[in-house]
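Quick notes on the structure that follows.
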Amino acid sequence: MFGKLNMAILGCGNIASLMAETMRKVSSVKSYAVASRDLDKAKAFAKQHGFKKAYGSYEELLRDKKVDLVYIATPHSEHYANAKLCIEYGKHVLCEKSFMVSEKQAQEIFALADEKNVLVTEAMWTRYMPMYAKIREVLSSRVIGDPVMLTANLAYNIRWVKRMMDPNLAGGALLDVGVYTLHFASMMFGNDVLKINANCTYTETGVDEQDSIALTYRDGRMAVLNASMIGVGDRQGVIQGTKGYMVIENINNFESVAVYDNAYNRIGFYKRPKQKTGYEYEIQACVRAIKAGWLECPEMPHEETLTVMRMMDEVRRQFGIIYPFERSGKEETESRQADTPQAENREDDSLHGAVSGDAVREQKEEPGREGTDAAAAEYAGTEKEAQTAGEEDVQPAEKSAVSIEEEPVTPVIQATQEAIAAAEAVPAAEVEKTMAAVAAEEVPAEEIANTATSAAEAVPIEETQESQETER
C-alpha cells in the first residue's frame, strides 16, 4: 500500500470534528468520507471539514472500496457493533476510547480482526504521544529512586452532558474519565496488579459520577486513582519514589514533567513538543502499522487494551453497574459475581456519606425501546474527552436507569437516595471551547519509542527549562 491512505469517520460529533481538522494537517492521510444516519448532517460535516464523500449510512460508506482506515467516533455503547461492521467489510479501524464496554467485546473484536487480517487499535491518544516516551525515560533513569506509589486525578464538571448520564450509552465517569487514570497507572507501573478496591457515587440514573480506585501491585507498589464528572480537578499524575518524585501535568494530554529531589527542590523539567491537536500521533501510528502489514500498533498493543478493559470490568463489578444492553448475559454475570469475593478492607460508608459499590444492583427490566439523542454539548478544555460530548449516531435505546436496591435499605443508602432526590440539576451552561495549538508544519512520522522500552542510561537531570510555564 503506497501513498496517502483514504481515511473515513463514523459519526459527526465534536470529537469527530477535531479528528477531521487533524486529518487535514497530517500528510499521510486523505479526508475521504464521513457517515451519519442523518445524510444532511454528514453532508454538512463533509463540506465543513473538506471530505470528498458523505454517506447516510455506515454500510454505504463501508461498501466504498476506496476507504482504507475508519475512525469510530460514536458513543461507547456503539463501538462493538460499529467496529465489527468495519472489520467484516475489511476496513482497518481506529476506535475511540473506551475501546469497548467489556473485555469480552474487545476479545471478540480482536479475534475477528485477526481472522480478516485488518488493523484494529484503540485511540487512547496518550499512548501514542512522544511525551510518553520522555516520561518513561525519566522514570527509568531512577532519578527519583525506586517508584513506590502513584496518584492520578482527572475531573471535569460534565454532569450536564446527556450522554454521560445515560446508562443506555454506557455513560458515567469510568469509561470516559476513569479510563485515563487506569491507562496512566498501566503505562507507568505495568499490569501486575494483585488487588483492586473501587468505590463510587451515583447519579440519579444510576451511572457512576465519582470514582476512587486503588490498585495494589504484587511487588508492593500502589496506585490511587480518582475520576469525576461533577468536579474540576488538577489533572495531575504524581509518581513517588524513594529519592524524590515526579509531577506530570495533565495525564490526559501530557504537558510537562517536573522532577523533585527528597528536599523538594526541582531538579528537572521537560516540556512537551508542539502539537497540532495531539491526535496526529495515533493517525501516524496507524499509517505506519498498515503499511508494515501489522494488525496492531506497537504503541497500543491489544494485550494492553484487554488488560485495562479487564480492570474496568472488575471496577464495574465492584460498583455493581450493569448497562441495560448487557442484560442478556445477566445470569452469567450474577453467577460470576457470586463466586468472586468483594474487595477487602473497604471503609465504612458512613465516614464519607457515599454509597459503596455493593449498594447498586442490575437494572430493572424495561418494556420496549425508544429513541435516544446523543449529547450536543461540549466539555471544557482541549483534552480528548473534552471533545466527545457530541458523539452521535446511536442505535435507538430505551431511557432506563440503573436502580439502587431498596431492600434492605441501610441508613447510609437511604440518606444517599434522599440526597440524590433532593439534588439540583447541574446547569447546562455554555462552556467556552479552547482548541489545542496547531503547529505550522507537518510533524514527521518518525517511529515513536515502544511503550515497553526502558532507557538503558540515566537521563541528565540538570535544569532544561527555567520557565514553569506549560502549554494549555
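Quick note on naming: the chains in the C-alpha cells go A, B, ... in the order shown, residues restart at 1 in each chain, and ligands are numbered from 1 in order of appearance.
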From the DSSP assignment of the backbone, select every residue of region 43-270 of chain A that is helix (DSSP H, G or I), and format the answer as number ranges by chain. A: 43-49, 58-62, 76-88, 103-116, 125-128, 130-140, 162-165, 167-169, 173-189
Would you list the contacts of Met124 (chain A) as a ChimeraX atom specification, taking every protein, DNA or RNA residue within 12 Å and counting only C-alpha atoms, but skipping same-chain residues closer than 6 positions in sequence? /A:94-100,175-177,179-184,187,251-253,278-279,281-283,285,297,299-302,304-305,308,383-385
I need the chosen residues saved as an mmCIF file, in the first residue's frame, with N, CA and C atoms.
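So the final result, stored in selection.cif, reads:
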data_model
loop_
_atom_site.group_PDB
_atom_site.id
_atom_site.type_symbol
_atom_site.label_atom_id
_atom_site.label_comp_id
_atom_site.auth_asym_id
_atom_site.auth_seq_id
_atom_site.Cartn_x
_atom_site.Cartn_y
_atom_site.Cartn_z
ATOM 1 N N LEU A 94 -9.541 2.485 13.724
ATOM 2 C CA LEU A 94 -9.051 3.255 14.872
ATOM 3 C C LEU A 94 -10.284 3.611 15.685
ATOM 4 N N CYS A 95 -10.457 2.968 16.847
ATOM 5 C CA CYS A 95 -11.691 3.111 17.626
ATOM 6 C C CYS A 95 -11.446 3.926 18.886
ATOM 7 N N GLU A 96 -12.326 4.899 19.108
ATOM 8 C CA GLU A 96 -12.181 5.757 20.276
ATOM 9 C C GLU A 96 -12.194 4.961 21.578
ATOM 10 N N LYS A 97 -11.600 5.564 22.595
ATOM 11 C CA LYS A 97 -11.691 5.000 23.942
ATOM 12 C C LYS A 97 -13.080 5.332 24.499
ATOM 13 N N SER A 98 -13.540 4.624 25.502
ATOM 14 C CA SER A 98 -13.049 3.316 25.857
ATOM 15 C C SER A 98 -13.321 2.372 24.696
ATOM 16 N N PHE A 99 -12.337 1.528 24.403
ATOM 17 C CA PHE A 99 -12.369 0.714 23.194
ATOM 18 C C PHE A 99 -13.685 -0.029 23.048
ATOM 19 N N MET A 100 -14.070 -0.736 24.099
ATOM 20 C CA MET A 100 -15.355 -1.434 24.128
ATOM 21 C C MET A 100 -15.941 -1.239 25.524
ATOM 22 N N LEU A 175 -15.854 5.015 32.032
ATOM 23 C CA LEU A 175 -15.456 4.760 30.655
ATOM 24 C C LEU A 175 -14.999 6.013 29.932
ATOM 25 N N ASP A 176 -15.337 7.186 30.474
ATOM 26 C CA ASP A 176 -14.963 8.429 29.810
ATOM 27 C C ASP A 176 -13.758 9.103 30.455
ATOM 28 N N VAL A 177 -13.700 9.096 31.778
ATOM 29 C CA VAL A 177 -12.664 9.823 32.508
ATOM 30 C C VAL A 177 -11.751 8.865 33.266
ATOM 31 N N VAL A 179 -11.005 5.876 32.688
ATOM 32 C CA VAL A 179 -10.172 5.064 31.800
ATOM 33 C C VAL A 179 -8.791 5.679 31.640
ATOM 34 N N TYR A 180 -8.695 7.008 31.649
ATOM 35 C CA TYR A 180 -7.394 7.668 31.528
ATOM 36 C C TYR A 180 -6.515 7.400 32.739
ATOM 37 N N THR A 181 -7.108 7.388 33.919
ATOM 38 C CA THR A 181 -6.311 7.137 35.125
ATOM 39 C C THR A 181 -5.798 5.699 35.142
ATOM 40 N N LEU A 182 -6.624 4.765 34.696
ATOM 41 C CA LEU A 182 -6.199 3.363 34.642
ATOM 42 C C LEU A 182 -5.092 3.154 33.605
ATOM 43 N N HIS A 183 -5.227 3.791 32.464
ATOM 44 C CA HIS A 183 -4.166 3.685 31.465
ATOM 45 C C HIS A 183 -2.875 4.332 31.977
ATOM 46 N N PHE A 184 -2.991 5.439 32.670
ATOM 47 C CA PHE A 184 -1.807 6.096 33.212
ATOM 48 C C PHE A 184 -1.071 5.166 34.177
ATOM 49 N N MET A 187 0.606 2.433 32.184
ATOM 50 C CA MET A 187 1.752 2.932 31.432
ATOM 51 C C MET A 187 2.969 3.144 32.328
ATOM 52 N N ILE A 251 -2.571 14.347 32.840
ATOM 53 C CA ILE A 251 -2.431 12.944 32.437
ATOM 54 C C ILE A 251 -3.248 12.633 31.193
ATOM 55 N N ASN A 252 -4.108 13.553 30.794
ATOM 56 C CA ASN A 252 -4.946 13.350 29.623
ATOM 57 C C ASN A 252 -4.332 13.923 28.347
ATOM 58 N N ASN A 253 -3.301 14.732 28.479
ATOM 59 C CA ASN A 253 -2.567 15.271 27.325
ATOM 60 C C ASN A 253 -1.275 15.847 27.891
ATOM 61 N N GLY A 278 -2.756 16.808 18.928
ATOM 62 C CA GLY A 278 -2.432 15.641 19.739
ATOM 63 C C GLY A 278 -2.962 14.357 19.119
ATOM 64 N N TYR A 279 -3.929 14.494 18.208
ATOM 65 C CA TYR A 279 -4.497 13.319 17.549
ATOM 66 C C TYR A 279 -3.594 12.802 16.428
ATOM 67 N N TYR A 281 -0.628 11.823 16.319
ATOM 68 C CA TYR A 281 0.269 10.709 16.600
ATOM 69 C C TYR A 281 -0.413 9.350 16.397
ATOM 70 N N GLU A 282 -1.683 9.252 16.758
ATOM 71 C CA GLU A 282 -2.373 7.973 16.564
ATOM 72 C C GLU A 282 -2.665 7.723 15.089
ATOM 73 N N ILE A 283 -2.919 8.797 14.336
ATOM 74 C CA ILE A 283 -3.107 8.638 12.892
ATOM 75 C C ILE A 283 -1.817 8.118 12.262
ATOM 76 N N ALA A 285 0.628 6.561 13.651
ATOM 77 C CA ALA A 285 0.908 5.190 14.100
ATOM 78 C C ALA A 285 0.109 4.181 13.282
ATOM 79 N N CYS A 297 -0.954 -1.695 16.657
ATOM 80 C CA CYS A 297 0.077 -0.674 16.763
ATOM 81 C C CYS A 297 0.972 -0.996 17.955
ATOM 82 N N GLU A 299 2.475 0.979 19.774
ATOM 83 C CA GLU A 299 2.213 1.965 20.833
ATOM 84 C C GLU A 299 1.018 1.575 21.705
ATOM 85 N N MET A 300 0.069 0.830 21.120
ATOM 86 C CA MET A 300 -1.142 0.435 21.843
ATOM 87 C C MET A 300 -1.421 -1.034 21.567
ATOM 88 N N PRO A 301 -0.621 -1.952 22.171
ATOM 89 C CA PRO A 301 -0.815 -3.389 21.923
ATOM 90 C C PRO A 301 -2.202 -3.857 22.353
ATOM 91 N N HIS A 302 -2.710 -4.850 21.669
ATOM 92 C CA HIS A 302 -4.022 -5.405 22.017
ATOM 93 C C HIS A 302 -4.062 -5.880 23.462
ATOM 94 N N GLU A 304 -2.581 -4.711 26.013
ATOM 95 C CA GLU A 304 -2.741 -3.576 26.942
ATOM 96 C C GLU A 304 -4.200 -3.136 26.989
ATOM 97 N N THR A 305 -4.836 -3.082 25.828
ATOM 98 C CA THR A 305 -6.261 -2.738 25.796
ATOM 99 C C THR A 305 -7.074 -3.755 26.590
ATOM 100 N N VAL A 308 -6.620 -3.328 30.471
ATOM 101 C CA VAL A 308 -7.363 -2.210 31.050
ATOM 102 C C VAL A 308 -8.860 -2.486 31.015
ATOM 103 N N GLU A 383 -8.602 18.782 25.942
ATOM 104 C CA GLU A 383 -8.333 17.360 26.090
ATOM 105 C C GLU A 383 -9.275 16.533 25.243
ATOM 106 N N LYS A 384 -8.847 15.296 24.997
ATOM 107 C CA LYS A 384 -9.607 14.470 24.075
ATOM 108 C C LYS A 384 -10.997 14.182 24.580
ATOM 109 N N GLU A 385 -11.172 13.872 25.850
ATOM 110 C CA GLU A 385 -12.516 13.583 26.316
ATOM 111 C C GLU A 385 -13.346 14.841 26.347
#
Within 12 Å of Ala263 (chain A) using only C-alpha atoms, minus same-chain residues under 2 positions, as a PDB file with N, CA and C atoms, in the first residue's frame:
ATOM      1  N   ILE A 144      14.427   9.436  40.746  1.00  0.00           N
ATOM      2  CA  ILE A 144      13.605   9.521  41.956  1.00  0.00           C
ATOM      3  C   ILE A 144      13.722   8.235  42.784  1.00  0.00           C
ATOM      4  N   THR A 242      11.719   6.616  46.160  1.00  0.00           N
ATOM      5  CA  THR A 242      12.472   6.577  47.424  1.00  0.00           C
ATOM      6  C   THR A 242      13.443   7.742  47.558  1.00  0.00           C
ATOM      7  N   LYS A 243      13.720   8.454  46.430  1.00  0.00           N
ATOM      8  CA  LYS A 243      14.662   9.573  46.486  1.00  0.00           C
ATOM      9  C   LYS A 243      14.050  10.890  45.992  1.00  0.00           C
ATOM     10  N   GLY A 244      12.810  10.873  45.594  1.00  0.00           N
ATOM     11  CA  GLY A 244      12.174  12.074  45.084  1.00  0.00           C
ATOM     12  C   GLY A 244      10.854  11.730  44.430  1.00  0.00           C
ATOM     13  N   TYR A 245      10.336  12.660  43.621  1.00  0.00           N
ATOM     14  CA  TYR A 245       9.051  12.418  42.980  1.00  0.00           C
ATOM     15  C   TYR A 245       8.960  13.184  41.666  1.00  0.00           C
ATOM     16  N   VAL A 259      10.641  17.201  37.974  1.00  0.00           N
ATOM     17  CA  VAL A 259      11.304  16.219  38.831  1.00  0.00           C
ATOM     18  C   VAL A 259      11.807  16.920  40.085  1.00  0.00           C
ATOM     19  N   TYR A 260      11.550  16.324  41.250  1.00  0.00           N
ATOM     20  CA  TYR A 260      11.934  16.898  42.535  1.00  0.00           C
ATOM     21  C   TYR A 260      12.768  15.899  43.324  1.00  0.00           C
ATOM     22  N   ASP A 261      13.731  16.425  44.100  1.00  0.00           N
ATOM     23  CA  ASP A 261      14.533  15.541  44.947  1.00  0.00           C
ATOM     24  C   ASP A 261      13.887  15.399  46.315  1.00  0.00           C
ATOM     25  N   ASN A 265      13.355  20.132  46.063  1.00  0.00           N
ATOM     26  CA  ASN A 265      13.920  21.042  45.075  1.00  0.00           C
ATOM     27  C   ASN A 265      13.640  20.510  43.679  1.00  0.00           C
ATOM     28  N   ARG A 266      13.227  21.393  42.800  1.00  0.00           N
ATOM     29  CA  ARG A 266      13.002  20.966  41.429  1.00  0.00           C
ATOM     30  C   ARG A 266      14.350  20.836  40.733  1.00  0.00           C
ATOM     31  N   ILE A 267      14.636  19.637  40.214  1.00  0.00           N
ATOM     32  CA  ILE A 267      15.933  19.372  39.628  1.00  0.00           C
ATOM     33  C   ILE A 267      15.842  19.013  38.150  1.00  0.00           C
TER      34      ILE A 267
END
Need the shell around Val93 (chain A): protein/DNA/RNA residues with any atom at most 10 Å away, counting only C-alpha atoms. Skip same-chain ones fewer than 2 positions apart. Format as an NGL selection string? :A and (7-9 or 68-72 or 82-84 or 86-87 or 90-91 or 95-96 or 113 or 118-123 or 286 or 295-296)
One decimal, in Å: what's the spacing between CA of Ala35 (chain A) and CA of Leu62 (chain A)?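 Atom-to-atom, CA of Ala35 (chain A) and CA of Leu62 (chain A) are spaced 9.2 Å apart.
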Expressed in Å to a single decimal, how great is the separation between CA of Tyr132 (chain A) and CA of Gly11 (chain A)? 28.6 Å
What is the distance, in Å and to one decimal place, between CA of Lys53 (chain A) and CA of Val34 (chain A)?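 About the pair CA of Lys53 (chain A) and CA of Val34 (chain A): they are 6.5 Å apart.
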Taking into account only C-alpha atoms, which residue in the set A:Ser31, A:Asn168, A:Thr126, A:Asn153 is nearest to Thr205 (chain A)? A:Asn168
Among region 78-252 of chain A, which ones does DSSP place in strand (DSSP E or B), written as a CSV table (one decimal) with N, CA, C and O atoms, in the first residue's frame?
chain,number,residue,atom,x,y,z
A,92,HIS,N,-9.6,-1.2,8.0
A,92,HIS,CA,-8.8,-1.0,9.2
A,92,HIS,C,-9.5,0.0,10.2
A,92,HIS,O,-10.2,0.8,9.7
A,93,VAL,N,-9.3,-0.2,11.5
A,93,VAL,CA,-10.1,0.5,12.5
A,93,VAL,C,-9.3,1.2,13.5
A,93,VAL,O,-8.4,0.6,14.1
A,94,LEU,N,-9.5,2.5,13.7
A,94,LEU,CA,-9.1,3.3,14.9
A,94,LEU,C,-10.3,3.6,15.7
A,94,LEU,O,-11.1,4.4,15.3
A,95,CYS,N,-10.5,3.0,16.8
A,95,CYS,CA,-11.7,3.1,17.6
A,95,CYS,C,-11.4,3.9,18.9
A,95,CYS,O,-10.5,3.7,19.6
A,96,GLU,N,-12.3,4.9,19.1
A,96,GLU,CA,-12.2,5.8,20.3
A,96,GLU,C,-12.2,5.0,21.6
A,96,GLU,O,-12.7,3.9,21.7
A,120,VAL,N,-6.7,-3.2,14.0
A,120,VAL,CA,-7.7,-2.6,14.9
A,120,VAL,C,-6.9,-2.1,16.1
A,120,VAL,O,-6.1,-2.8,16.6
A,121,THR,N,-7.1,-0.8,16.4
A,121,THR,CA,-6.4,-0.3,17.6
A,121,THR,C,-7.3,0.7,18.3
A,121,THR,O,-8.2,1.3,17.8
A,122,GLU,N,-7.0,0.9,19.6
A,122,GLU,CA,-7.7,1.8,20.5
A,122,GLU,C,-7.1,3.2,20.4
A,122,GLU,O,-5.9,3.4,20.4
A,123,ALA,N,-7.9,4.2,20.3
A,123,ALA,CA,-7.5,5.6,20.2
A,123,ALA,C,-7.2,6.2,21.6
A,123,ALA,O,-7.8,7.3,21.9
A,147,PRO,N,10.3,3.7,42.3
A,147,PRO,CA,9.0,4.2,42.4
A,147,PRO,C,8.1,3.3,43.3
A,147,PRO,O,8.2,2.1,43.2
A,148,VAL,N,7.4,3.9,44.2
A,148,VAL,CA,6.6,3.1,45.2
A,148,VAL,C,5.1,3.4,45.2
A,148,VAL,O,4.3,2.5,45.5
A,149,MET,N,4.7,4.6,44.7
A,149,MET,CA,3.3,5.0,44.7
A,149,MET,C,3.0,6.0,43.6
A,149,MET,O,3.9,6.8,43.3
A,150,LEU,N,1.8,5.8,43.1
A,150,LEU,CA,1.4,6.7,42.0
A,150,LEU,C,0.0,7.2,42.3
A,150,LEU,O,-0.8,6.5,42.9
A,151,THR,N,-0.2,8.5,42.1
A,151,THR,CA,-1.6,9.0,42.2
A,151,THR,C,-1.9,9.7,40.9
A,151,THR,O,-1.1,10.2,40.2
A,152,ALA,N,-3.2,9.6,40.5
A,152,ALA,CA,-3.6,10.3,39.2
A,152,ALA,C,-5.1,10.8,39.5
A,152,ALA,O,-5.9,10.1,40.0
A,153,ASN,N,-5.3,12.0,39.0
A,153,ASN,CA,-6.6,12.7,39.2
A,153,ASN,C,-7.0,13.2,37.9
A,153,ASN,O,-6.2,13.9,37.1
A,154,LEU,N,-8.3,13.0,37.5
A,154,LEU,CA,-8.9,13.6,36.3
A,154,LEU,C,-10.3,13.9,36.6
A,154,LEU,O,-11.1,13.0,37.0
A,155,ALA,N,-10.7,15.1,36.5
A,155,ALA,CA,-12.1,15.5,36.8
A,155,ALA,C,-12.5,16.7,36.0
A,155,ALA,O,-11.8,17.7,35.8
A,193,VAL,N,-1.1,-6.4,38.7
A,193,VAL,CA,-2.0,-5.9,39.8
A,193,VAL,C,-2.5,-7.1,40.6
A,193,VAL,O,-3.1,-8.0,40.1
A,194,LEU,N,-2.3,-7.0,41.9
A,194,LEU,CA,-2.8,-8.1,42.8
A,194,LEU,C,-4.2,-7.9,43.3
A,194,LEU,O,-5.0,-8.9,43.4
A,195,LYS,N,-4.6,-6.6,43.5
A,195,LYS,CA,-5.9,-6.4,44.1
A,195,LYS,C,-6.4,-5.0,43.6
A,195,LYS,O,-5.6,-4.1,43.5
A,196,ILE,N,-7.7,-4.9,43.4
A,196,ILE,CA,-8.4,-3.7,43.1
A,196,ILE,C,-9.4,-3.4,44.1
A,196,ILE,O,-10.3,-4.3,44.4
A,197,ASN,N,-9.4,-2.2,44.6
A,197,ASN,CA,-10.5,-1.7,45.5
A,197,ASN,C,-11.1,-0.5,44.9
A,197,ASN,O,-10.4,0.5,44.6
A,198,ALA,N,-12.4,-0.5,44.7
A,198,ALA,CA,-13.1,0.6,44.0
A,198,ALA,C,-14.4,1.0,44.6
A,198,ALA,O,-15.2,0.1,45.1
A,199,ASN,N,-14.6,2.2,44.7
A,199,ASN,CA,-15.9,2.8,45.2
A,199,ASN,C,-16.3,4.0,44.3
A,199,ASN,O,-15.5,4.6,43.6
A,200,CYS,N,-17.6,4.3,44.3
A,200,CYS,CA,-18.1,5.4,43.5
A,200,CYS,C,-19.3,6.0,44.2
A,200,CYS,O,-19.9,5.4,45.1
A,201,THR,N,-19.7,7.1,43.7
A,201,THR,CA,-21.0,7.7,44.0
A,201,THR,C,-21.8,7.6,42.7
A,201,THR,O,-21.2,7.5,41.6
A,202,TYR,N,-23.2,7.8,42.8
A,202,TYR,CA,-24.0,7.5,41.6
A,202,TYR,C,-24.9,8.7,41.3
A,202,TYR,O,-25.3,9.5,42.2
A,208,ASP,N,-22.1,5.8,37.4
A,208,ASP,CA,-21.1,6.4,38.4
A,208,ASP,C,-20.7,7.8,38.0
A,208,ASP,O,-20.5,8.2,36.9
A,209,GLU,N,-20.7,8.7,39.1
A,209,GLU,CA,-20.3,10.1,38.8
A,209,GLU,C,-18.9,10.4,39.4
A,209,GLU,O,-18.3,11.3,38.9
A,210,GLN,N,-18.5,9.8,40.4
A,210,GLN,CA,-17.2,10.0,41.0
A,210,GLN,C,-16.6,8.6,41.4
A,210,GLN,O,-17.3,7.8,42.0
A,211,ASP,N,-15.4,8.4,41.0
A,211,ASP,CA,-14.7,7.1,41.2
A,211,ASP,C,-13.5,7.2,42.0
A,211,ASP,O,-12.7,8.1,41.8
A,212,SER,N,-13.3,6.3,42.9
A,212,SER,CA,-12.0,6.2,43.6
A,212,SER,C,-11.5,4.7,43.5
A,212,SER,O,-12.2,3.8,43.9
A,213,ILE,N,-10.3,4.5,42.9
A,213,ILE,CA,-9.8,3.2,42.6
A,213,ILE,C,-8.4,3.1,43.1
A,213,ILE,O,-7.6,3.9,42.9
A,214,ALA,N,-8.2,2.0,43.9
A,214,ALA,CA,-6.9,1.7,44.5
A,214,ALA,C,-6.4,0.4,43.9
A,214,ALA,O,-7.1,-0.6,44.0
A,215,LEU,N,-5.2,0.5,43.3
A,215,LEU,CA,-4.5,-0.7,42.8
A,215,LEU,C,-3.4,-1.1,43.6
A,215,LEU,O,-2.5,-0.3,44.0
A,216,THR,N,-3.3,-2.4,44.1
A,216,THR,CA,-2.2,-2.9,44.8
A,216,THR,C,-1.4,-3.9,43.9
A,216,THR,O,-2.0,-4.8,43.4
A,217,TYR,N,-0.2,-3.6,43.7
A,217,TYR,CA,0.7,-4.4,42.8
A,217,TYR,C,1.3,-5.5,43.6
A,217,TYR,O,1.6,-5.4,44.8
A,222,MET,N,1.7,0.8,44.9
A,222,MET,CA,0.3,1.2,44.9
A,222,MET,C,0.0,2.3,43.9
A,222,MET,O,0.8,3.1,43.7
A,223,ALA,N,-1.3,2.3,43.4
A,223,ALA,CA,-1.7,3.4,42.6
A,223,ALA,C,-3.1,3.8,43.1
A,223,ALA,O,-4.0,3.0,43.3
A,224,VAL,N,-3.3,5.1,43.3
A,224,VAL,CA,-4.5,5.6,43.8
A,224,VAL,C,-5.1,6.6,42.8
A,224,VAL,O,-4.5,7.6,42.4
A,225,LEU,N,-6.2,6.2,42.2
A,225,LEU,CA,-6.8,6.9,41.0
A,225,LEU,C,-8.1,7.5,41.4
A,225,LEU,O,-9.0,6.9,41.9
A,226,ASN,N,-8.3,8.8,41.0
A,226,ASN,CA,-9.6,9.4,41.2
A,226,ASN,C,-10.1,10.0,39.9
A,226,ASN,O,-9.3,10.7,39.2
A,227,ALA,N,-11.4,9.9,39.7
A,227,ALA,CA,-12.0,10.4,38.5
A,227,ALA,C,-13.4,11.0,38.8
A,227,ALA,O,-14.1,10.4,39.7
A,228,SER,N,-13.8,12.0,38.2
A,228,SER,CA,-15.1,12.7,38.5
A,228,SER,C,-15.6,13.3,37.3
A,228,SER,O,-14.9,13.9,36.4
A,237,GLY,N,-0.6,13.7,37.5
A,237,GLY,CA,-0.2,12.4,37.9
A,237,GLY,C,1.1,12.6,38.7
A,237,GLY,O,2.0,13.4,38.3
A,238,VAL,N,1.2,12.0,39.9
A,238,VAL,CA,2.4,12.1,40.7
A,238,VAL,C,3.0,10.7,41.0
A,238,VAL,O,2.2,9.8,41.4
A,239,ILE,N,4.2,10.5,40.7
A,239,ILE,CA,4.9,9.3,40.9
A,239,ILE,C,5.9,9.5,42.1
A,239,ILE,O,6.9,10.3,41.9
A,240,GLN,N,5.7,8.8,43.2
A,240,GLN,CA,6.6,9.0,44.3
A,240,GLN,C,7.6,7.9,44.3
A,240,GLN,O,7.4,6.7,44.1
A,241,GLY,N,8.9,8.3,44.6
A,241,GLY,CA,10.0,7.4,44.7
A,241,GLY,C,10.7,7.5,46.0
A,241,GLY,O,10.4,8.3,46.8
A,244,GLY,N,12.8,10.9,45.6
A,244,GLY,CA,12.2,12.1,45.1
A,244,GLY,C,10.9,11.7,44.4
A,244,GLY,O,10.3,10.6,44.6
A,245,TYR,N,10.3,12.7,43.6
A,245,TYR,CA,9.1,12.4,43.0
A,245,TYR,C,9.0,13.2,41.7
A,245,TYR,O,9.7,14.1,41.4
A,246,MET,N,8.0,12.8,40.8
A,246,MET,CA,7.8,13.4,39.5
A,246,MET,C,6.3,13.9,39.5
A,246,MET,O,5.4,13.2,40.0
A,247,VAL,N,6.1,15.0,38.9
A,247,VAL,CA,4.8,15.6,38.7
A,247,VAL,C,4.5,15.7,37.2
A,247,VAL,O,5.2,16.5,36.5
A,248,ILE,N,3.5,15.0,36.7
A,248,ILE,CA,3.2,15.1,35.3
A,248,ILE,C,1.9,15.9,35.2
A,248,ILE,O,0.9,15.6,35.8
A,249,GLU,N,2.0,17.0,34.5
A,249,GLU,CA,0.9,17.9,34.3
A,249,GLU,C,0.0,17.4,33.2
A,249,GLU,O,0.5,17.2,32.1
6 Å contact set for region 23-30 of chain A, only C-alpha atoms, chain neighbours under 5 positions out, as number ranges by chain: A: 4-7
Please produce an output containing C-alpha atoms for each residue in the selection, written as a PDB file, in the first residue's frame.
ATOM      1  CA  LYS A   4      -1.816   8.535   1.252  1.00  0.00           C
ATOM      2  CA  LEU A   5      -4.476   6.401   2.933  1.00  0.00           C
ATOM      3  CA  ASN A   6      -8.135   7.275   2.464  1.00  0.00           C
ATOM      4  CA  MET A   7      -9.458   7.851   5.971  1.00  0.00           C
TER       5      MET A   7
END
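Using only C-alpha atoms, the shortest contact distance between Met19 (chain A) and any of A:Arg142, A:Lys276, A:Arg316, A:His76 is found at A:Lys276.
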Residues near Met229 (chain A), cut-off 6 Å, only C-alpha atoms, skip fewer than 2 positions along chain, as a PDB file with N, CA, C and O atoms, in the first residue's frame:
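This went into selection.pdb:
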ATOM      1  N   ALA A 155     -10.700  15.147  36.493  1.00  0.00           N
ATOM      2  CA  ALA A 155     -12.062  15.546  36.850  1.00  0.00           C
ATOM      3  C   ALA A 155     -12.509  16.714  35.977  1.00  0.00           C
ATOM      4  O   ALA A 155     -11.782  17.701  35.822  1.00  0.00           O
ATOM      5  N   TYR A 156     -13.702  16.581  35.421  1.00  0.00           N
ATOM      6  CA  TYR A 156     -14.331  17.634  34.637  1.00  0.00           C
ATOM      7  C   TYR A 156     -15.788  17.735  35.072  1.00  0.00           C
ATOM      8  O   TYR A 156     -16.446  16.718  35.293  1.00  0.00           O
ATOM      9  N   ASN A 157     -16.287  18.952  35.146  1.00  0.00           N
ATOM     10  CA  ASN A 157     -17.691  19.133  35.502  1.00  0.00           C
ATOM     11  C   ASN A 157     -18.534  18.987  34.242  1.00  0.00           C
ATOM     12  O   ASN A 157     -18.837  19.952  33.551  1.00  0.00           O
ATOM     13  N   ILE A 158     -18.903  17.749  33.943  1.00  0.00           N
ATOM     14  CA  ILE A 158     -19.599  17.431  32.683  1.00  0.00           C
ATOM     15  C   ILE A 158     -20.884  16.652  32.936  1.00  0.00           C
ATOM     16  O   ILE A 158     -21.399  15.975  32.057  1.00  0.00           O
ATOM     17  N   ARG A 159     -21.393  16.759  34.153  1.00  0.00           N
ATOM     18  CA  ARG A 159     -22.595  16.001  34.503  1.00  0.00           C
ATOM     19  C   ARG A 159     -23.793  16.405  33.642  1.00  0.00           C
ATOM     20  O   ARG A 159     -24.711  15.615  33.431  1.00  0.00           O
ATOM     21  N   ALA A 173     -18.646   8.154  34.725  1.00  0.00           N
ATOM     22  CA  ALA A 173     -17.276   8.671  34.752  1.00  0.00           C
ATOM     23  C   ALA A 173     -16.245   7.643  34.308  1.00  0.00           C
ATOM     24  O   ALA A 173     -15.230   7.988  33.703  1.00  0.00           O
ATOM     25  N   GLU A 209     -20.659   8.668  39.065  1.00  0.00           N
ATOM     26  CA  GLU A 209     -20.317  10.066  38.826  1.00  0.00           C
ATOM     27  C   GLU A 209     -18.940  10.436  39.380  1.00  0.00           C
ATOM     28  O   GLU A 209     -18.273  11.335  38.875  1.00  0.00           O
ATOM     29  N   GLY A 231     -16.900  17.425  39.189  1.00  0.00           N
ATOM     30  CA  GLY A 231     -15.992  18.412  39.768  1.00  0.00           C
ATOM     31  C   GLY A 231     -14.876  18.737  38.796  1.00  0.00           C
ATOM     32  O   GLY A 231     -14.739  18.127  37.738  1.00  0.00           O
TER      33      GLY A 231
END
